[in-house]
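A.B. asks: To be precise about what I am sending: the file is called my_file_37.cif and holds mmCIF, N, CA, C and O atoms.
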```cif
data_entry
#
loop_
_atom_site.label_atom_id
_atom_site.label_comp_id
_atom_site.auth_asym_id
_atom_site.auth_seq_id
_atom_site.Cartn_x
_atom_site.Cartn_y
_atom_site.Cartn_z
N MET A 1 106.25 79.09 102.33
CA MET A 1 107.25 79.21 103.36
C MET A 1 106.62 79.44 104.72
O MET A 1 107.11 78.95 105.71
N GLY A 2 105.57 80.22 104.79
CA GLY A 2 104.90 80.41 106.07
C GLY A 2 105.57 81.47 106.93
O GLY A 2 106.48 82.18 106.50
N THR A 3 105.11 81.57 108.16
CA THR A 3 105.65 82.53 109.10
C THR A 3 106.04 81.81 110.38
O THR A 3 105.64 80.67 110.62
N SER A 4 106.82 82.48 111.18
CA SER A 4 107.16 81.95 112.49
C SER A 4 107.40 83.12 113.43
O SER A 4 107.51 84.27 113.01
N ARG A 5 107.50 82.83 114.72
CA ARG A 5 107.76 83.88 115.70
C ARG A 5 109.20 84.33 115.67
O ARG A 5 109.53 85.44 116.06
N GLU A 6 110.10 83.46 115.19
CA GLU A 6 111.52 83.77 115.21
C GLU A 6 111.96 84.57 113.98
O GLU A 6 112.89 85.35 114.06
N VAL A 7 111.33 84.36 112.86
CA VAL A 7 111.72 85.02 111.62
C VAL A 7 110.61 85.99 111.23
O VAL A 7 109.48 85.58 111.00
N ALA A 8 110.95 87.26 111.18
CA ALA A 8 109.97 88.26 110.80
C ALA A 8 110.45 88.94 109.52
O ALA A 8 111.55 89.48 109.47
N ILE A 9 109.64 88.87 108.50
CA ILE A 9 109.97 89.51 107.23
C ILE A 9 109.01 90.67 107.07
O ILE A 9 107.80 90.49 107.07
N GLY A 10 109.55 91.86 106.95
CA GLY A 10 108.70 93.03 106.85
C GLY A 10 109.40 94.15 106.12
O GLY A 10 110.44 93.96 105.48
N PRO A 11 108.85 95.33 106.22
CA PRO A 11 109.40 96.47 105.48
C PRO A 11 110.56 97.16 106.17
O PRO A 11 110.78 98.34 106.00
N VAL A 12 111.34 96.42 106.95
CA VAL A 12 112.44 97.03 107.70
C VAL A 12 113.52 97.54 106.75
O VAL A 12 114.05 98.63 106.93
N ALA A 13 113.86 96.76 105.73
CA ALA A 13 114.89 97.19 104.78
C ALA A 13 114.41 98.41 104.01
O ALA A 13 115.22 99.29 103.67
N VAL A 14 113.13 98.50 103.76
CA VAL A 14 112.59 99.65 103.05
C VAL A 14 112.70 100.90 103.92
O VAL A 14 113.03 101.98 103.44
N VAL A 15 112.45 100.77 105.20
CA VAL A 15 112.60 101.90 106.11
C VAL A 15 114.04 102.38 106.12
O VAL A 15 114.31 103.58 106.09
N SER A 16 114.99 101.47 106.14
CA SER A 16 116.40 101.84 106.11
C SER A 16 116.75 102.57 104.82
O SER A 16 117.48 103.57 104.84
N LEU A 17 116.22 102.10 103.71
CA LEU A 17 116.48 102.75 102.43
C LEU A 17 115.90 104.15 102.38
O LEU A 17 116.57 105.10 101.96
N LEU A 18 114.67 104.31 102.83
CA LEU A 18 114.04 105.63 102.82
C LEU A 18 114.74 106.58 103.79
O LEU A 18 114.92 107.76 103.49
N LEU A 19 115.14 106.07 104.93
CA LEU A 19 115.86 106.90 105.90
C LEU A 19 117.19 107.36 105.33
O LEU A 19 117.58 108.51 105.48
N SER A 20 117.88 106.47 104.65
CA SER A 20 119.15 106.83 104.04
C SER A 20 118.98 107.91 102.98
O SER A 20 119.76 108.86 102.92
N SER A 21 117.95 107.78 102.16
CA SER A 21 117.75 108.79 101.12
C SER A 21 117.33 110.13 101.72
O SER A 21 117.69 111.19 101.20
N MET A 22 116.59 110.11 102.83
CA MET A 22 116.21 111.36 103.49
C MET A 22 117.42 112.05 104.12
O MET A 22 117.55 113.27 104.05
N LEU A 23 118.28 111.27 104.74
CA LEU A 23 119.44 111.86 105.41
C LEU A 23 120.43 112.45 104.41
O LEU A 23 121.09 113.44 104.71
N GLN A 24 120.53 111.85 103.23
CA GLN A 24 121.44 112.38 102.23
C GLN A 24 120.97 113.72 101.70
O GLN A 24 121.78 114.51 101.20
N GLU A 25 119.67 114.01 101.81
CA GLU A 25 119.18 115.32 101.41
C GLU A 25 119.49 116.38 102.46
O GLU A 25 119.61 117.56 102.13
N LEU A 26 119.62 115.97 103.72
CA LEU A 26 119.91 116.93 104.78
C LEU A 26 121.39 117.30 104.82
O LEU A 26 121.74 118.48 104.90
N ILE A 27 122.25 116.31 104.80
CA ILE A 27 123.70 116.53 104.84
C ILE A 27 124.34 115.67 103.77
O ILE A 27 124.10 114.47 103.71
N ASP A 28 125.19 116.27 102.96
CA ASP A 28 125.89 115.53 101.91
C ASP A 28 127.04 114.74 102.55
O ASP A 28 127.92 115.34 103.18
N PRO A 29 127.04 113.42 102.40
CA PRO A 29 128.10 112.63 103.05
C PRO A 29 129.48 112.86 102.44
O PRO A 29 130.49 112.57 103.10
N GLU A 30 129.56 113.38 101.24
CA GLU A 30 130.88 113.61 100.63
C GLU A 30 131.51 114.90 101.12
O GLU A 30 132.73 114.99 101.26
N THR A 31 130.70 115.93 101.38
CA THR A 31 131.26 117.21 101.81
C THR A 31 131.45 117.27 103.33
O THR A 31 132.36 117.93 103.80
N ASP A 32 130.58 116.62 104.09
CA ASP A 32 130.67 116.64 105.55
C ASP A 32 130.47 115.22 106.10
O ASP A 32 129.40 114.88 106.62
N PRO A 33 131.50 114.37 105.98
CA PRO A 33 131.32 112.98 106.43
C PRO A 33 131.11 112.85 107.94
O PRO A 33 130.37 111.98 108.39
N LEU A 34 131.74 113.71 108.73
CA LEU A 34 131.58 113.63 110.18
C LEU A 34 130.16 114.02 110.60
O LEU A 34 129.54 113.34 111.42
N GLY A 35 129.63 115.08 110.02
CA GLY A 35 128.26 115.49 110.33
C GLY A 35 127.25 114.45 109.89
O GLY A 35 126.26 114.19 110.58
N TYR A 36 127.49 113.84 108.72
CA TYR A 36 126.60 112.79 108.22
C TYR A 36 126.63 111.58 109.14
O TYR A 36 125.59 111.01 109.46
N THR A 37 127.81 111.20 109.60
CA THR A 37 127.94 110.06 110.51
C THR A 37 127.21 110.34 111.83
O THR A 37 126.52 109.47 112.35
N LYS A 38 127.37 111.55 112.35
CA LYS A 38 126.67 111.91 113.58
C LYS A 38 125.16 111.86 113.40
O LYS A 38 124.43 111.36 114.27
N LEU A 39 124.67 112.35 112.27
CA LEU A 39 123.24 112.34 112.00
C LEU A 39 122.71 110.91 111.87
O LEU A 39 121.65 110.58 112.41
N VAL A 40 123.45 110.06 111.19
CA VAL A 40 123.03 108.66 111.03
C VAL A 40 123.01 107.95 112.38
O VAL A 40 122.06 107.24 112.71
N LEU A 41 124.03 108.15 113.19
CA LEU A 41 124.08 107.49 114.50
C LEU A 41 122.98 108.00 115.42
O LEU A 41 122.37 107.21 116.16
N THR A 42 122.71 109.30 115.39
CA THR A 42 121.64 109.85 116.21
C THR A 42 120.28 109.30 115.78
O THR A 42 119.45 108.92 116.61
N THR A 43 120.07 109.25 114.47
CA THR A 43 118.79 108.75 113.96
C THR A 43 118.59 107.28 114.30
O THR A 43 117.50 106.89 114.75
N THR A 44 119.62 106.48 114.12
CA THR A 44 119.47 105.06 114.43
C THR A 44 119.33 104.83 115.94
O THR A 44 118.62 103.91 116.36
N PHE A 45 119.97 105.67 116.75
CA PHE A 45 119.82 105.56 118.20
C PHE A 45 118.36 105.80 118.61
O PHE A 45 117.78 105.02 119.37
N PHE A 46 117.77 106.88 118.10
CA PHE A 46 116.38 107.18 118.47
C PHE A 46 115.41 106.15 117.89
O PHE A 46 114.40 105.82 118.52
N ALA A 47 115.70 105.62 116.71
CA ALA A 47 114.85 104.56 116.15
C ALA A 47 114.94 103.31 117.03
O ALA A 47 113.92 102.65 117.28
N GLY A 48 116.12 103.00 117.52
CA GLY A 48 116.29 101.85 118.40
C GLY A 48 115.58 102.04 119.73
O GLY A 48 114.96 101.11 120.26
N ILE A 49 115.66 103.24 120.28
CA ILE A 49 114.94 103.54 121.53
C ILE A 49 113.44 103.39 121.33
O ILE A 49 112.73 102.82 122.17
N PHE A 50 112.95 103.88 120.19
CA PHE A 50 111.52 103.78 119.88
C PHE A 50 111.10 102.33 119.77
O PHE A 50 110.08 101.91 120.35
N GLN A 51 111.87 101.52 119.05
CA GLN A 51 111.52 100.11 118.89
C GLN A 51 111.65 99.34 120.21
O GLN A 51 110.82 98.47 120.50
N ALA A 52 112.66 99.66 120.99
CA ALA A 52 112.82 98.98 122.28
C ALA A 52 111.68 99.32 123.22
O ALA A 52 111.18 98.44 123.93
N SER A 53 111.25 100.57 123.22
CA SER A 53 110.13 100.94 124.08
C SER A 53 108.84 100.25 123.64
O SER A 53 108.03 99.85 124.48
N PHE A 54 108.65 100.08 122.32
CA PHE A 54 107.49 99.33 121.85
C PHE A 54 107.56 97.89 122.33
O PHE A 54 106.54 97.31 122.69
N GLY A 55 108.76 97.31 122.34
CA GLY A 55 108.92 95.94 122.80
C GLY A 55 108.73 95.80 124.29
O GLY A 55 108.08 94.86 124.78
N ILE A 56 109.29 96.74 125.05
CA ILE A 56 109.19 96.66 126.50
C ILE A 56 107.75 96.82 126.97
O ILE A 56 107.28 96.09 127.84
N PHE A 57 107.05 97.77 126.37
CA PHE A 57 105.66 98.02 126.77
C PHE A 57 104.65 97.18 125.99
O PHE A 57 103.45 97.39 126.12
N ARG A 58 105.15 96.26 125.17
CA ARG A 58 104.32 95.30 124.42
C ARG A 58 103.23 96.02 123.61
O ARG A 58 102.05 95.71 123.71
N LEU A 59 103.68 96.98 122.79
CA LEU A 59 102.75 97.77 121.98
C LEU A 59 102.71 97.32 120.53
O LEU A 59 102.25 98.06 119.66
N GLY A 60 103.16 96.12 120.25
CA GLY A 60 103.16 95.61 118.89
C GLY A 60 101.78 95.45 118.30
O GLY A 60 101.61 95.47 117.07
N PHE A 61 100.77 95.31 119.14
CA PHE A 61 99.41 95.15 118.63
C PHE A 61 98.92 96.40 117.89
O PHE A 61 97.96 96.33 117.13
N LEU A 62 99.57 97.54 118.11
CA LEU A 62 99.15 98.77 117.42
C LEU A 62 99.33 98.68 115.91
O LEU A 62 98.66 99.37 115.16
N VAL A 63 100.23 97.81 115.47
CA VAL A 63 100.46 97.63 114.04
C VAL A 63 99.21 97.06 113.38
O VAL A 63 98.94 97.33 112.20
N ASP A 64 98.42 96.32 114.12
CA ASP A 64 97.19 95.74 113.56
C ASP A 64 96.19 96.81 113.15
O ASP A 64 95.31 96.56 112.33
N PHE A 65 96.32 98.01 113.70
CA PHE A 65 95.39 99.09 113.36
C PHE A 65 95.77 99.83 112.09
O PHE A 65 95.02 100.69 111.63
N LEU A 66 96.93 99.54 111.51
CA LEU A 66 97.31 100.15 110.23
C LEU A 66 96.47 99.53 109.12
O LEU A 66 96.31 98.31 109.05
N SER A 67 95.95 100.36 108.27
CA SER A 67 95.12 99.84 107.19
C SER A 67 95.98 99.21 106.11
O SER A 67 97.16 99.52 105.95
N HIS A 68 95.36 98.32 105.36
CA HIS A 68 96.05 97.68 104.25
C HIS A 68 96.47 98.71 103.20
O HIS A 68 97.55 98.62 102.63
N ALA A 69 95.63 99.72 102.99
CA ALA A 69 95.94 100.76 102.00
C ALA A 69 97.18 101.56 102.41
O ALA A 69 98.00 101.91 101.56
N ALA A 70 97.35 101.81 103.69
CA ALA A 70 98.53 102.54 104.16
C ALA A 70 99.80 101.73 103.93
O ALA A 70 100.83 102.27 103.51
N ILE A 71 99.74 100.44 104.19
CA ILE A 71 100.91 99.58 104.00
C ILE A 71 101.25 99.45 102.51
O ILE A 71 102.42 99.53 102.12
N VAL A 72 100.23 99.28 101.68
CA VAL A 72 100.46 99.18 100.23
C VAL A 72 101.02 100.50 99.69
O VAL A 72 101.94 100.50 98.87
N GLY A 73 100.52 101.62 100.18
CA GLY A 73 101.05 102.92 99.75
C GLY A 73 102.49 103.11 100.17
O GLY A 73 103.31 103.64 99.41
N PHE A 74 102.82 102.68 101.37
CA PHE A 74 104.19 102.77 101.85
C PHE A 74 105.14 101.93 101.00
O PHE A 74 106.20 102.39 100.59
N MET A 75 104.73 100.71 100.71
CA MET A 75 105.57 99.85 99.90
C MET A 75 105.66 100.35 98.45
O MET A 75 106.70 100.23 97.81
N GLY A 76 104.58 100.93 97.94
CA GLY A 76 104.62 101.51 96.59
C GLY A 76 105.55 102.70 96.52
O GLY A 76 106.30 102.86 95.55
N GLY A 77 105.51 103.54 97.54
CA GLY A 77 106.44 104.67 97.60
C GLY A 77 107.88 104.21 97.68
O GLY A 77 108.77 104.80 97.06
N ALA A 78 108.12 103.16 98.43
CA ALA A 78 109.47 102.61 98.52
C ALA A 78 109.92 102.05 97.18
O ALA A 78 111.08 102.20 96.79
N ALA A 79 109.00 101.42 96.45
CA ALA A 79 109.35 100.90 95.13
C ALA A 79 109.72 102.04 94.17
O ALA A 79 110.64 101.91 93.37
N ILE A 80 109.02 103.14 94.28
CA ILE A 80 109.34 104.31 93.43
C ILE A 80 110.73 104.85 93.79
O ILE A 80 111.53 105.17 92.90
N VAL A 81 111.04 104.93 95.09
CA VAL A 81 112.36 105.41 95.51
C VAL A 81 113.45 104.48 95.00
O VAL A 81 114.49 104.92 94.49
N ILE A 82 113.23 103.18 95.10
CA ILE A 82 114.22 102.21 94.60
C ILE A 82 114.38 102.35 93.10
O ILE A 82 115.49 102.34 92.58
N GLY A 83 113.27 102.50 92.39
CA GLY A 83 113.34 102.64 90.93
C GLY A 83 114.04 103.90 90.48
O GLY A 83 114.77 103.91 89.48
N LEU A 84 113.85 105.00 91.21
CA LEU A 84 114.47 106.26 90.81
C LEU A 84 115.95 106.33 91.19
O LEU A 84 116.69 107.14 90.65
N GLN A 85 116.38 105.51 92.12
CA GLN A 85 117.79 105.53 92.48
C GLN A 85 118.56 104.65 91.55
O GLN A 85 119.69 104.68 91.35
#
```
Translate this file's structure into structure tokens.
C.D. replies:
Amino acid sequence: MGTSREVAIGPVAVVSLLLSSMLQELIDPETDPLGYTKLVLTTTFFAGIFQASFGIFRLGFLVDFLSHAAIVGFMGGAAIVIGLQ
């Protein structure tokens, strides 16, 4: 299939899954749905600000400094979280 500049396939869905599982440990969405919604919106807002600032300041090259072992470990941890859920 290859790669292109327009289509980027990466661990974005895994980050969303891990973030969701972390937030559910902080606030239970069934007992406090309003607090959980506020926490999710705040977290996604700051994640968006972080990503936008990386784009504006063209800091995407920093990803090249991540080691292969770190990426494999991250994806392995995500696979364990998916398997346990």
A.B. asks: Could you pull the residues within 10 Å of stretch 75-77 of chain A, counting only C-alpha atoms, minus those fewer than 5 positions along the same chain, as a PyMOL selection string?
C.D. replies: chain A and resi 11+14-15+18+69-70+82-83
A.B. asks: Distance atom C of A:Phe57-atom C of A:Ile71, one decimal place?
C.D. replies: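 The value is 23.8 Å.
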A.B. asks: Which residues, written as a PDB file with N, CA, C and O atoms, keeping the file's coordinate frame, have at least one atom at most 10 Å from A:Leu23, with only C-alpha atoms counted and residues fewer than 6 positions away on the same chain left out?
C.D. replies:
```pdb
ATOM      1  N   PRO A  29     127.040 113.420 102.400  1.00  0.00           N
ATOM      2  CA  PRO A  29     128.100 112.630 103.050  1.00  0.00           C
ATOM      3  C   PRO A  29     129.480 112.860 102.440  1.00  0.00           C
ATOM      4  O   PRO A  29     130.490 112.570 103.100  1.00  0.00           O
ATOM      5  N   TYR A  36     127.490 113.840 108.720  1.00  0.00           N
ATOM      6  CA  TYR A  36     126.600 112.790 108.220  1.00  0.00           C
ATOM      7  C   TYR A  36     126.630 111.580 109.140  1.00  0.00           C
ATOM      8  O   TYR A  36     125.590 111.010 109.460  1.00  0.00           O
ATOM      9  N   LEU A  39     124.670 112.350 112.270  1.00  0.00           N
ATOM     10  CA  LEU A  39     123.240 112.340 112.000  1.00  0.00           C
ATOM     11  C   LEU A  39     122.710 110.910 111.870  1.00  0.00           C
ATOM     12  O   LEU A  39     121.650 110.580 112.410  1.00  0.00           O
ATOM     13  N   VAL A  40     123.450 110.060 111.190  1.00  0.00           N
ATOM     14  CA  VAL A  40     123.030 108.660 111.030  1.00  0.00           C
ATOM     15  C   VAL A  40     123.010 107.950 112.380  1.00  0.00           C
ATOM     16  O   VAL A  40     122.060 107.240 112.710  1.00  0.00           O
ATOM     17  N   THR A  43     120.070 109.250 114.470  1.00  0.00           N
ATOM     18  CA  THR A  43     118.790 108.750 113.960  1.00  0.00           C
ATOM     19  C   THR A  43     118.590 107.280 114.300  1.00  0.00           C
ATOM     20  O   THR A  43     117.500 106.890 114.750  1.00  0.00           O
TER      21      THR A  43
END
```
A.B. asks: Distance atom CA of A:Leu66-atom CA of A:Leu17, one decimal place?
C.D. replies: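 Here the two named atoms are 20.9 Å from each other.
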A.B. asks: So the first atom is atom N of A:Met22 and the second is atom N of A:Leu34; what is the distance between them in Å, to one decimal place?
C.D. replies: 16.7 Å
